[in-house]
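> Structure file protein36.cif (mmCIF, C-alpha atoms and all ligand atoms) is given on the next line.
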data_my_file
loop_
_atom_site.label_atom_id
_atom_site.label_comp_id
_atom_site.auth_asym_id
_atom_site.auth_seq_id
_atom_site.Cartn_x
_atom_site.Cartn_y
_atom_site.Cartn_z
CA MET A 1 75.53 76.85 91.40
CA THR A 2 75.81 79.09 88.37
CA ASP A 3 74.25 78.87 84.94
CA SER A 4 77.41 77.50 83.32
CA ALA A 5 77.48 73.73 82.89
CA PRO A 6 79.74 72.06 85.44
CA LYS A 7 83.10 70.98 84.11
CA PHE A 8 84.90 67.88 85.28
CA ASP A 9 87.43 69.91 87.30
CA ASP A 10 84.62 71.50 89.28
CA PHE A 11 84.13 68.23 91.10
CA LEU A 12 87.74 67.80 92.14
CA PRO A 13 88.76 68.73 95.67
CA GLY A 14 88.67 72.51 95.85
CA GLY A 15 86.62 72.73 92.68
CA ARG A 16 83.39 74.71 92.62
CA LEU A 17 81.27 71.65 93.15
CA ALA A 18 83.59 69.59 95.29
CA ALA A 19 80.77 68.96 97.77
CA VAL A 20 78.94 66.97 95.13
CA ALA A 21 81.87 64.61 94.86
CA ASP A 22 81.73 64.08 98.64
CA GLY A 23 78.17 62.78 98.45
CA GLU A 24 76.73 66.14 99.50
CA SER A 25 74.51 67.22 96.66
CA ARG A 26 73.45 70.61 98.04
CA THR A 27 75.29 73.72 96.93
CA ASP A 28 77.11 75.56 99.68
CA LEU A 29 75.96 79.19 99.79
CA LEU A 30 78.98 80.17 101.86
CA GLY A 31 81.63 81.86 99.76
CA LEU A 32 79.33 82.83 96.88
CA THR A 33 79.65 86.44 95.82
CA ARG A 34 76.55 88.60 96.12
CA THR A 35 76.06 88.31 92.37
CA GLU A 36 76.26 84.52 92.51
CA LEU A 37 73.79 84.44 95.38
CA VAL A 38 71.32 86.58 93.40
CA ARG A 39 71.68 84.20 90.47
CA GLU A 40 70.93 81.19 92.67
CA MET A 41 67.76 82.86 93.97
CA GLU A 42 66.66 83.89 90.49
CA ALA A 43 67.07 80.29 89.37
CA LEU A 44 64.52 79.38 92.07
CA GLY A 45 62.18 82.05 90.72
CA GLU A 46 62.88 84.39 93.64
CA LYS A 47 63.53 88.11 93.54
CA ARG A 48 66.78 89.85 94.23
CA PHE A 49 65.83 90.95 97.75
CA ARG A 50 65.67 87.28 98.75
CA ALA A 51 69.43 87.14 98.23
CA ASP A 52 69.87 90.21 100.46
CA GLN A 53 67.82 88.58 103.20
CA ILE A 54 69.81 85.38 103.02
CA PHE A 55 73.11 87.26 102.87
CA ASN A 56 72.13 88.98 106.12
CA TRP A 57 71.24 85.69 107.80
CA ILE A 58 74.52 84.11 106.75
CA TYR A 59 77.06 86.88 107.31
CA PHE A 60 75.41 89.19 109.83
CA ARG A 61 73.65 86.63 112.01
CA GLY A 62 75.85 83.61 111.43
CA VAL A 63 72.91 81.29 110.85
CA THR A 64 73.64 77.86 109.31
CA ASP A 65 70.10 76.49 109.37
CA PHE A 66 67.45 77.74 106.95
CA ALA A 67 64.77 76.98 109.57
CA ALA A 68 66.06 79.97 111.58
CA MET A 69 65.37 82.43 108.74
CA THR A 70 62.12 83.69 110.21
CA ASP A 71 61.38 86.40 107.66
CA ILE A 72 61.18 83.79 104.90
CA SER A 73 58.05 81.67 104.44
CA LYS A 74 58.17 78.11 105.74
CA PRO A 75 57.64 76.46 102.34
CA LEU A 76 60.49 78.48 100.85
CA ARG A 77 62.77 77.68 103.80
CA ALA A 78 62.10 74.01 103.12
CA ARG A 79 62.90 74.43 99.42
CA LEU A 80 66.11 76.25 100.25
CA ALA A 81 67.19 73.50 102.60
CA GLU A 82 66.64 70.92 99.86
CA SER A 83 68.94 72.66 97.38
CA PHE A 84 71.44 74.48 99.58
CA ARG A 85 73.47 74.34 102.72
CA ILE A 86 75.54 76.89 104.64
CA GLY A 87 78.84 75.22 105.34
CA ARG A 88 81.53 75.44 107.96
CA PRO A 89 84.90 73.71 108.08
CA ASP A 90 84.95 70.83 110.61
CA ILE A 91 86.96 71.52 113.74
CA VAL A 92 89.38 68.66 114.39
CA THR A 93 91.08 70.21 117.42
CA ALA A 94 90.73 73.51 119.28
CA GLN A 95 93.67 74.50 121.45
CA LEU A 96 94.00 77.33 123.95
CA SER A 97 97.46 78.65 124.81
CA GLU A 98 98.38 79.83 128.29
CA ASP A 99 98.58 83.36 126.80
CA GLY A 100 95.03 83.21 125.45
CA THR A 101 95.96 82.45 121.83
CA ARG A 102 93.64 79.94 120.20
CA LYS A 103 94.47 77.58 117.38
CA TRP A 104 92.03 75.45 115.43
CA LEU A 105 92.93 72.58 113.15
CA LEU A 106 90.22 72.44 110.50
CA ARG A 107 89.22 69.65 108.16
CA LEU A 108 87.95 70.68 104.74
CA SER A 109 85.34 68.77 102.76
CA ASP A 110 87.98 66.74 100.88
CA GLY A 111 89.81 65.78 104.08
CA ASN A 112 92.67 68.28 103.76
CA GLU A 113 93.56 70.20 106.89
CA VAL A 114 94.59 73.80 107.64
CA GLU A 115 95.10 75.88 110.75
CA THR A 116 93.57 79.17 111.92
CA VAL A 117 94.87 81.20 114.87
CA PHE A 118 93.23 83.87 117.05
CA ILE A 119 95.52 86.24 118.95
CA PRO A 120 93.83 88.44 121.57
CA GLU A 121 95.69 91.59 122.60
CA GLU A 122 94.71 94.46 124.85
CA ASP A 123 93.43 96.76 122.13
CA ARG A 124 92.59 94.30 119.37
CA GLY A 125 92.03 90.67 118.45
CA THR A 126 93.65 89.30 115.31
CA LEU A 127 92.45 86.32 113.36
CA CYS A 128 95.19 84.76 111.27
CA VAL A 129 93.77 82.80 108.33
CA SER A 130 95.31 80.33 105.90
CA SER A 131 95.01 80.70 102.14
CA GLN A 132 96.53 77.43 100.90
CA VAL A 133 97.08 73.89 102.13
CA GLY A 134 100.88 73.90 102.34
CA CYS A 135 102.85 76.42 100.29
CA THR A 136 104.57 76.31 96.90
CA LEU A 137 107.40 78.40 98.31
CA THR A 138 110.19 77.13 100.50
CA CYS A 139 111.39 79.96 102.73
CA SER A 140 114.19 78.37 104.70
CA PHE A 141 113.04 79.54 108.16
CA CYS A 142 109.35 78.65 107.78
CA HIS A 143 107.73 75.42 108.92
CA THR A 144 104.86 75.73 106.44
CA GLY A 145 107.53 75.91 103.72
CA THR A 146 108.53 72.31 104.48
CA GLN A 147 105.00 71.14 103.69
CA PRO A 148 104.65 70.80 99.93
CA TRP A 149 101.77 72.70 98.36
CA VAL A 150 98.62 70.59 98.22
CA ARG A 151 96.03 73.01 96.88
CA ASN A 152 94.56 76.49 97.07
CA LEU A 153 91.66 77.16 99.40
CA SER A 154 88.35 78.27 97.91
CA ALA A 155 86.73 81.58 98.90
CA ALA A 156 84.28 79.56 101.04
CA GLU A 157 87.12 77.87 102.86
CA ILE A 158 88.84 81.19 103.55
CA VAL A 159 85.76 83.09 104.72
CA GLY A 160 84.70 79.87 106.49
CA GLN A 161 87.66 80.34 108.86
CA VAL A 162 86.28 83.73 109.92
CA MET A 163 82.76 82.29 110.30
CA MET A 164 84.05 79.38 112.37
CA ALA A 165 86.01 81.71 114.67
CA ARG A 166 82.95 83.95 115.12
CA ASP A 167 80.93 80.82 116.02
CA GLU A 168 83.55 79.69 118.50
CA LEU A 169 83.89 83.08 120.18
CA GLY A 170 80.12 83.62 120.30
CA GLU A 171 80.27 86.73 118.12
CA TRP A 172 76.90 86.73 116.36
CA PRO A 173 75.15 88.82 115.28
CA THR A 174 78.00 90.94 113.94
CA PRO A 175 78.77 93.35 116.78
CA SER A 176 79.81 96.91 116.05
CA ASP A 177 81.69 97.57 119.29
CA ASP A 178 83.31 95.16 121.66
CA ARG A 179 84.03 92.59 119.05
CA GLN A 180 86.82 90.18 119.90
CA ILE A 181 87.96 89.66 116.34
CA THR A 182 88.85 93.16 115.15
CA ASN A 183 91.44 92.33 112.48
CA VAL A 184 91.92 89.63 109.87
CA VAL A 185 95.42 88.88 108.60
CA PHE A 186 96.40 86.50 105.82
CA MET A 187 99.43 85.21 107.70
CA GLY A 188 98.50 81.58 108.17
CA MET A 189 99.54 78.79 105.85
CA GLY A 190 100.26 79.63 102.25
CA GLU A 191 101.06 82.56 100.00
CA PRO A 192 97.79 84.51 99.55
CA LEU A 193 98.88 86.20 96.33
CA PHE A 194 99.36 82.80 94.68
CA ASN A 195 95.64 82.24 95.29
CA TYR A 196 94.55 85.67 94.16
CA ASP A 197 90.98 85.11 92.97
CA ALA A 198 89.75 83.17 95.99
CA VAL A 199 91.49 85.57 98.37
CA ALA A 200 89.95 88.58 96.59
CA ALA A 201 86.47 87.01 96.74
CA ALA A 202 86.91 86.20 100.42
CA VAL A 203 88.14 89.75 101.14
CA ASP A 204 85.00 91.12 99.46
CA LEU A 205 82.84 89.05 101.78
CA ILE A 206 84.89 89.86 104.87
CA LYS A 207 84.54 93.57 104.30
CA ASP A 208 80.90 93.64 103.18
CA GLU A 209 79.22 96.25 105.39
CA LYS A 210 75.99 94.29 105.54
CA GLY A 211 77.79 91.18 106.71
CA LEU A 212 81.08 90.61 108.52
CA ASN A 213 81.86 94.31 108.15
CA PHE A 214 85.64 94.55 108.59
CA SER A 215 87.03 97.77 107.19
CA ARG A 216 89.78 97.35 104.59
CA ARG A 217 92.17 98.94 107.05
CA ARG A 218 91.65 95.97 109.33
CA ILE A 219 92.44 93.36 106.71
CA THR A 220 96.11 92.65 105.95
CA LEU A 221 97.61 90.53 103.22
CA SER A 222 101.05 89.21 104.05
CA THR A 223 103.14 88.30 101.04
CA SER A 224 106.60 87.00 100.39
CA GLY A 225 106.76 89.45 97.46
CA ILE A 226 104.75 88.41 94.38
CA VAL A 227 105.27 91.71 92.58
CA PRO A 228 102.63 91.61 89.79
CA GLU A 229 99.94 90.55 92.27
CA ILE A 230 100.97 93.24 94.77
CA ARG A 231 100.27 95.76 92.02
CA ARG A 232 96.97 94.11 91.21
CA ALA A 233 95.95 93.96 94.88
CA GLY A 234 96.76 97.66 95.18
CA ALA A 235 94.45 98.48 92.31
CA GLU A 236 91.64 96.10 93.29
CA MET A 237 91.54 94.98 96.91
CA ARG A 238 93.26 97.98 98.49
CA VAL A 239 93.70 96.26 101.82
CA MET A 240 96.70 96.71 104.08
CA LEU A 241 99.91 95.10 102.98
CA ALA A 242 102.63 93.29 104.92
CA ILE A 243 105.81 92.31 103.13
CA SER A 244 107.94 89.43 104.38
CA LEU A 245 111.24 91.20 103.77
CA HIS A 246 113.65 89.43 106.15
CA ALA A 247 116.84 90.48 104.34
CA VAL A 248 118.31 93.68 102.91
CA ARG A 249 120.64 92.12 100.32
CA ASP A 250 119.57 90.06 97.34
CA ASP A 251 122.12 87.28 97.94
CA LEU A 252 120.79 86.64 101.45
CA ARG A 253 117.13 87.13 100.50
CA ASP A 254 117.58 84.66 97.61
CA ASP A 255 118.47 82.12 100.27
CA LEU A 256 115.85 83.00 102.91
CA VAL A 257 112.91 83.85 100.63
CA PRO A 258 113.69 82.05 97.35
CA VAL A 259 110.94 83.88 95.43
CA ASN A 260 113.39 86.81 95.57
CA ARG A 261 115.23 85.24 92.64
CA ARG A 262 112.17 85.94 90.52
CA TRP A 263 111.33 89.38 91.98
CA PRO A 264 114.42 90.88 93.60
CA LEU A 265 114.47 93.64 96.21
CA ALA A 266 114.54 96.57 93.77
CA GLU A 267 111.38 95.37 91.99
CA LEU A 268 109.64 94.52 95.24
CA LEU A 269 110.35 97.89 96.79
CA ALA A 270 109.29 99.69 93.61
CA ALA A 271 105.91 97.93 93.83
CA CYS A 272 105.66 98.99 97.48
CA ARG A 273 106.46 102.59 96.61
CA ASP A 274 103.66 102.53 94.04
CA TYR A 275 101.06 100.94 96.36
CA PRO A 276 98.07 103.30 96.34
CA SER A 277 96.86 105.51 99.19
CA LEU A 278 99.88 105.14 101.42
CA SER A 279 100.16 107.77 104.12
CA ASN A 280 101.30 108.10 107.70
CA ALA A 281 98.05 106.47 108.74
CA ARG A 282 98.27 103.77 106.06
CA ARG A 283 101.72 102.24 106.09
CA ILE A 284 103.14 99.08 104.67
CA THR A 285 104.32 96.67 107.34
CA PHE A 286 107.71 95.10 106.68
CA GLU A 287 108.11 91.82 108.52
CA TYR A 288 111.64 90.98 109.49
CA VAL A 289 112.39 87.65 111.17
CA MET A 290 115.38 87.97 113.50
CA LEU A 291 117.84 85.17 112.80
CA LYS A 292 120.91 85.06 115.01
CA GLY A 293 124.09 85.98 113.14
CA VAL A 294 122.29 85.89 109.77
CA ASN A 295 120.39 89.16 109.28
CA ASP A 296 120.47 90.88 112.68
CA SER A 297 123.52 93.19 112.65
CA ASP A 298 123.55 96.97 113.14
CA ALA A 299 124.65 97.30 109.52
CA ASP A 300 121.55 95.33 108.43
CA ALA A 301 119.33 97.73 110.40
CA ARG A 302 120.94 100.76 108.76
CA GLU A 303 120.64 99.24 105.30
CA LEU A 304 116.99 98.52 106.01
CA LEU A 305 116.42 102.19 106.74
CA ARG A 306 118.12 103.14 103.50
CA LEU A 307 116.02 100.72 101.44
CA LEU A 308 112.71 101.89 102.90
CA GLU A 309 113.39 105.59 102.51
CA GLY A 310 110.34 107.33 101.09
CA ILE A 311 107.93 104.42 101.71
CA PRO A 312 105.45 105.03 104.56
CA SER A 313 106.42 101.98 106.55
CA LYS A 314 106.47 100.30 109.91
CA ILE A 315 108.75 97.45 110.76
CA ASN A 316 107.69 94.36 112.58
CA LEU A 317 110.62 92.46 114.07
CA ILE A 318 109.69 88.83 114.58
CA PRO A 319 111.97 86.81 116.84
CA PHE A 320 112.47 83.55 114.96
CA ASN A 321 110.14 80.80 116.17
CA PRO A 322 111.97 77.49 116.07
CA TRP A 323 110.38 74.27 114.85
CA PRO A 324 111.67 70.69 114.80
CA GLY A 325 114.56 70.46 112.35
CA SER A 326 114.92 74.22 111.74
CA ARG A 327 118.47 75.38 111.08
CA TYR A 328 118.34 78.86 112.65
CA GLU A 329 118.56 80.32 116.10
CA THR A 330 116.58 83.21 117.54
CA SER A 331 118.51 86.46 117.97
CA ALA A 332 119.17 87.36 121.60
CA PRO A 333 116.56 89.76 123.05
CA GLU A 334 119.21 92.51 123.45
CA ARG A 335 120.08 92.19 119.75
CA VAL A 336 116.43 92.53 118.76
CA GLN A 337 116.10 95.56 121.06
CA ARG A 338 119.20 97.22 119.61
CA PHE A 339 118.05 96.57 116.03
CA GLY A 340 114.69 98.12 116.89
CA GLU A 341 116.37 101.13 118.50
CA ILE A 342 118.41 101.93 115.40
CA ILE A 343 115.21 101.97 113.38
CA ARG A 344 113.24 104.02 115.89
CA ASN A 345 116.09 106.52 116.26
CA ALA A 346 115.66 107.26 112.57
CA GLY A 347 111.99 108.06 113.21
CA ILE A 348 110.55 104.84 111.77
CA MET A 349 108.07 102.82 113.77
CA ALA A 350 109.43 99.43 114.84
CA THR A 351 107.52 96.90 116.91
CA ILE A 352 108.83 93.65 118.27
CA ARG A 353 106.32 90.88 117.85
CA THR A 354 106.01 89.03 121.12
CA PRO A 355 105.79 85.37 120.26
CA ARG A 356 102.25 84.19 120.94
CA GLY A 357 100.95 80.69 121.36
CA ARG A 358 104.35 79.02 121.11
CA ASP A 359 103.21 76.32 123.56
CA ILE A 360 100.59 75.17 121.04
CA ALA A 361 102.82 75.78 117.96
CA ALA A 362 100.58 78.65 116.86
CA ALA A 363 103.31 81.27 116.46
CA CYS A 364 104.35 82.72 113.09
CA GLY A 365 105.91 80.16 110.85
CA GLN A 366 105.04 77.19 113.07
CA LEU A 367 101.84 76.20 111.29
CA LYS A 368 101.79 73.00 109.34
CA SER A 369 99.22 70.27 108.73
CA GLU A 370 99.58 66.62 107.85
CA SER A 371 97.90 67.03 104.46
CA VAL A 372 99.85 65.72 101.51
CA ARG A 373 99.18 66.15 97.83
CA ILE A 374 97.34 63.34 96.14
CA PRO A 375 98.27 63.04 92.47
CA GLY A 376 95.53 64.05 90.03
CA TRP A 377 95.09 60.53 88.62
CA LYS A 378 94.43 59.16 92.10
CA ARG A 379 91.91 61.87 92.88
CA ARG A 380 90.06 61.14 89.67
CA GLY A 381 89.97 57.44 90.50
CA GLU A 382 92.04 56.50 87.47
CA SER A 383 94.99 54.18 87.12
CA LYS A 384 98.35 55.88 86.68
CA GLU A 385 98.16 55.44 82.92
CA GLY A 386 95.02 57.59 82.84
CA HIS A 387 92.31 54.93 82.47
CA ALA A 388 89.26 55.18 84.67
CA ARG A 389 89.15 52.48 87.31
CA ALA A 390 86.27 50.02 87.14
N1 LIG B 1 103.17 83.37 102.98
C1 LIG B 1 102.95 84.67 103.50
C2 LIG B 1 102.09 84.68 104.75
C3 LIG B 1 102.33 83.62 105.81
S1 LIG B 1 103.74 83.68 106.83
C4 LIG B 1 104.25 85.37 103.76
O1 LIG B 1 105.28 84.72 103.67
O2 LIG B 1 104.22 86.55 104.02
C5 LIG B 1 103.47 84.94 108.05
C6 LIG B 1 104.80 85.58 108.53
O3 LIG B 1 105.54 84.71 109.40
C7 LIG B 1 105.73 85.88 107.37
O4 LIG B 1 106.33 87.14 107.51
C8 LIG B 1 106.75 84.81 107.51
O5 LIG B 1 107.94 85.14 106.86
C9 LIG B 1 106.90 84.70 109.00
N2 LIG B 1 107.56 83.47 109.44
C10 LIG B 1 107.63 82.30 108.78
N3 LIG B 1 108.32 81.39 109.52
C11 LIG B 1 108.67 82.00 110.67
C12 LIG B 1 109.36 81.56 111.85
N4 LIG B 1 109.80 80.32 111.96
N5 LIG B 1 109.55 82.45 112.82
C13 LIG B 1 109.05 83.71 112.73
N6 LIG B 1 108.37 84.17 111.66
C14 LIG B 1 108.19 83.33 110.62
FE1 LIG B 2 105.19 80.13 102.23
FE2 LIG B 2 105.13 82.44 103.64
FE3 LIG B 2 106.20 80.22 104.71
FE4 LIG B 2 107.45 81.48 102.71
S1 LIG B 2 107.05 82.30 104.78
S2 LIG B 2 107.15 79.25 102.88
S3 LIG B 2 105.73 82.17 101.48
S4 LIG B 2 104.07 80.50 104.14
#
Here is a file; write its structure as structure tokens.
Ligand code: SAH
Ligand code: SF4

Amino acid sequence: MTDSAPKFDDFLPGGRLAAVADGESRTDLLGLTRTELVREMEALGEKRFRADQIFNWIYFRGVTDFAAMTDISKPLRARLAESFRIGRPDIVTAQLSEDGTRKWLLRLSDGNEVETVFIPEEDRGTLCVSSQVGCTLTCSFCHTGTQPWVRNLSAAEIVGQVMMARDELGEWPTPSDDRQITNVVFMGMGEPLFNYDAVAAAVDLIKDEKGLNFSRRRITLSTSGIVPEIRRAGAEMRVMLAISLHAVRDDLRDDLVPVNRRWPLAELLAACRDYPSLSNARRITFEYVMLKGVNDSDADARELLRLLEGIPSKINLIPFNPWPGSRYETSAPERVQRFGEIIRNAGIMATIRTPRGRDIAAACGQLKSESVRIPGWKRRGESKEGHARA
């Protein structure tokens, strides 16, 4: 895959060479950066432009079979197919909601499962991708938060969700107009900023103009508030940002979004203020889940306005989506309306997120898979004491 010798960890699930451990000896080209792809071609004695050609076949045309790469000689296509593959996650189930929302349950090469959701709207189509199997955080209103963290997704597994959705919606070659998937949001399972490197590599591929070609204004990272990584993302990725705010006081936010104990509101909002290139056209979205009697009073709305003063922002009110065992209730529609009005009257944009795909449990915060974490010693095939099994 690269010129560095493989390390043992590379073969573990999610490691660089996990496919090898699954009995698949070919390197997956999906998810490699352009530089890595060039290196792979150079190792075969090929020139740099070969990597450009292959990049185009993979990310512009959506091809998964080397035989289809007609501008490459037949003998070379055969050699490529011997050493490489172009992977996709396996689709376990594909569901279609009565409102047009689609949800796919995907199986990764090590058997772990994640979900991806497509939400068509009149003027756009949003693909919601996962960044981790489970989540290390435990926000009290979120279903994913009840699923312990299993592992981070690789760049291939993140960009693979976009590729799979393009396959499913028949969107190859990359269209310039009339595309169904116009936006990609990291709002599926997991905290994207706790998987920074893979997310950044996937974002690079998603926005590559010669491939999937999403502008950075159409890619949004949603975070519970990992302050140092928000600053880093602002300097490096420069995509749109959505902050899961949900509370305007530290004591309540500590309870709803426990990561607030590490990075409280003042620090979080300071990082938002400093996020580069904010303007009226480039605002930070603040997500605010409406929990009946918990965070939905008029006073909360006014405090929210005070906190966000000076930050180009828009507020997304999300009626709470219940899940089995959840301890909250959804605010009444009139309450959500009133809360939104207070914000709009102050001249700040507030949208109310219509719940989508609730009938197939595809709405915000309802995603969860059955994957559980397998202890390291089991994965490595050792006994608990650390000895390799015969
Ligand atoms: N981990 C990231 C991204 C995934 S969650 C984050 O927390 O931002 C996507 C959005 O759905 C977040 O704003 C999250 O707080 C919200 N959410 C979680 N559970 C929800 C629920 N049950 N009802 C409504 N929104 C929920
Ligand atoms: Fe994790 Fe986001 Fe759910 Fe919190 S809201 S538990 S950070 S997925």
> Quick one: 4 Å padding each side, axis-aligned, all listed atoms of range 178-188 of chain A - centre and edge lengths in Å to one decimal, as AutoDock Vina command-line options?

--center_x 91.4 --center_y 88.4 --center_z 113.7 --size_x 24.1 --size_y 21.6 --size_z 23.8
> Do you have, as CSV, the list of residues of range 161-212 of chain A lying at most 12 Å from range 238-249 of chain A, each with its nearest atom pair and that distance in Å to one decimal, counting all atoms listed in the file and ordered by chain then number?

residue,atom,partner,partner_atom,distance
A:Asn183,CA,A:Met240,CA,10.8
A:Val184,CA,A:Met240,CA,10.3
A:Val185,CA,A:Met240,CA,9.1
A:Phe186,CA,A:Ala242,CA,9.3
A:Met187,CA,A:Ala242,CA,9.1
A:Glu191,CA,A:Ser244,CA,10.7
A:Pro192,CA,A:Leu241,CA,11.3
A:Leu193,CA,A:Leu241,CA,11.2
A:Val199,CA,A:Val239,CA,11.4
A:Ala200,CA,A:Val239,CA,10.0
A:Val203,CA,A:Val239,CA,8.6
A:Asp204,CA,A:Val239,CA,10.4
A:Ile206,CA,A:Val239,CA,11.3
A:Lys207,CA,A:Val239,CA,9.9
> With a cut-off of 6 Å, could you pull out the residues of chain A touching ligand LIG 1 (chain B) and give me the nearest pair of atoms for each, distance in Å to one decimal, using all atoms listed in the file, ordered by chain and ascending number, as a Markdown table?

| residue | atom | partner | partner_atom | distance |
| --- | --- | --- | --- | --- |
| A:Phe141 | CA | B:LIG1 | N4 | 5.1 |
| A:Cys142 | CA | B:LIG1 | N3 | 3.4 |
| A:Met187 | CA | B:LIG1 | C3 | 3.8 |
| A:Gly188 | CA | B:LIG1 | C3 | 4.9 |
| A:Met189 | CA | B:LIG1 | C3 | 5.6 |
| A:Gly190 | CA | B:LIG1 | N1 | 4.8 |
| A:Glu191 | CA | B:LIG1 | N1 | 3.7 |
| A:Ser222 | CA | B:LIG1 | O2 | 4.1 |
| A:Thr223 | CA | B:LIG1 | O2 | 3.6 |
| A:Ser224 | CA | B:LIG1 | O1 | 4.2 |
| A:Ser244 | CA | B:LIG1 | O4 | 4.2 |
| A:Glu287 | CA | B:LIG1 | O4 | 5.1 |
| A:Val289 | CA | B:LIG1 | N6 | 5.3 |
| A:Ile318 | CA | B:LIG1 | C13 | 5.5 |
| A:Pro319 | CA | B:LIG1 | C13 | 5.9 |
| A:Phe320 | CA | B:LIG1 | N5 | 3.8 |
| A:Asn321 | CA | B:LIG1 | N5 | 3.8 |
| A:Pro322 | CA | B:LIG1 | N4 | 5.4 |
| A:Cys364 | CA | B:LIG1 | O3 | 4.4 |
| A:Gly365 | CA | B:LIG1 | N3 | 3.0 |
| A:Gln366 | CA | B:LIG1 | N4 | 5.8 |
> Neighbouring residues of Gly347 in chain A were defined as those with any atom within 12 Å, considering all atoms listed in the file; residues of the same chain fewer than 4 positions away were excluded. Please report them as a list in words.
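My list of contacting residues is Leu305, Glu309, Pro312, Ser313, Lys314, Ile315, Gly340, Glu341, Ile342 and Ile343 of chain A.
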> Report, in Å with one decimal, the straight-line distance from CA of Leu278 in chain A to CA of Arg231 in chain A.
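Value for the CA of Leu278 in chain A-CA of Arg231 in chain A distance: 13.3 Å.
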> Measuring atom to atom with only C-alpha atoms, identify which of A:Arg282, A:Arg77, A:Arg356, A:Arg273 is nearest to Thr126 in chain A.
A:Arg356
> Excluding Asp254 in chain A and residues on its chain fewer than 3 positions from it, collect all residues at most 12 Å away from it, counting all atoms listed in the file, and give them as JSON, numbers by chain.
{"A": [137, 138, 139, 140, 224, 225, 245, 246, 247, 248, 249, 250, 251, 257, 258, 259, 260, 261, 262, 263, 264, 265]}
> Measuring between only C-alpha atoms and all ligand atoms, which one of A:Thr146, A:Ser83, A:Thr174, A:Ser215 shows the shortest distance to ligand LIG 2 (chain B)?
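Ranked by minimum distance to ligand LIG 2 (chain B), first place goes to A:Thr146.
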> Could you please determine the separation between CA of Glu82 in chain A and CA of Arg26 in chain A in Å, to one decimal place?
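Computing the Euclidean distance for CA of Glu82 in chain A and CA of Arg26 in chain A yields 7.1 Å.
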> Which one of A:Lys74, A:Lys103, A:Arg50, A:Arg253 sits closest to ligand LIG 2 (chain B) if you count all atoms listed in the file?
A:Arg253
> Hey, which of A:Asp28, A:Asp255, A:Asp300, A:Glu98 ends up closest to ligand LIG 2 (chain B)? Count only C-alpha atoms and all ligand atoms.
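Nearest candidate to ligand LIG 2 (chain B) out of A:Asp28, A:Asp255, A:Asp300, A:Glu98: A:Asp255.
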> To one decimal in Å, tell me the separation between CA of Arg85 in chain A and CA of Val63 in chain A.
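These atoms are spaced 10.7 Å apart.
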> Name the closest residue to ligand LIG 2 (chain B) among the candidates A:Trp172, A:Tyr275, A:Trp104, A:Trp149; distances are taken between atoms, counting all atoms listed in the file.
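Of all the options, A:Trp149 lies closest to ligand LIG 2 (chain B).
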> Tell me which residues come within 12 Å of (84.6, 91.4, 119.5), as a VMD selection string, counting all atoms listed in the file in the file's coordinates.
chain A and resid 118 120 to 127 165 to 183 212 214
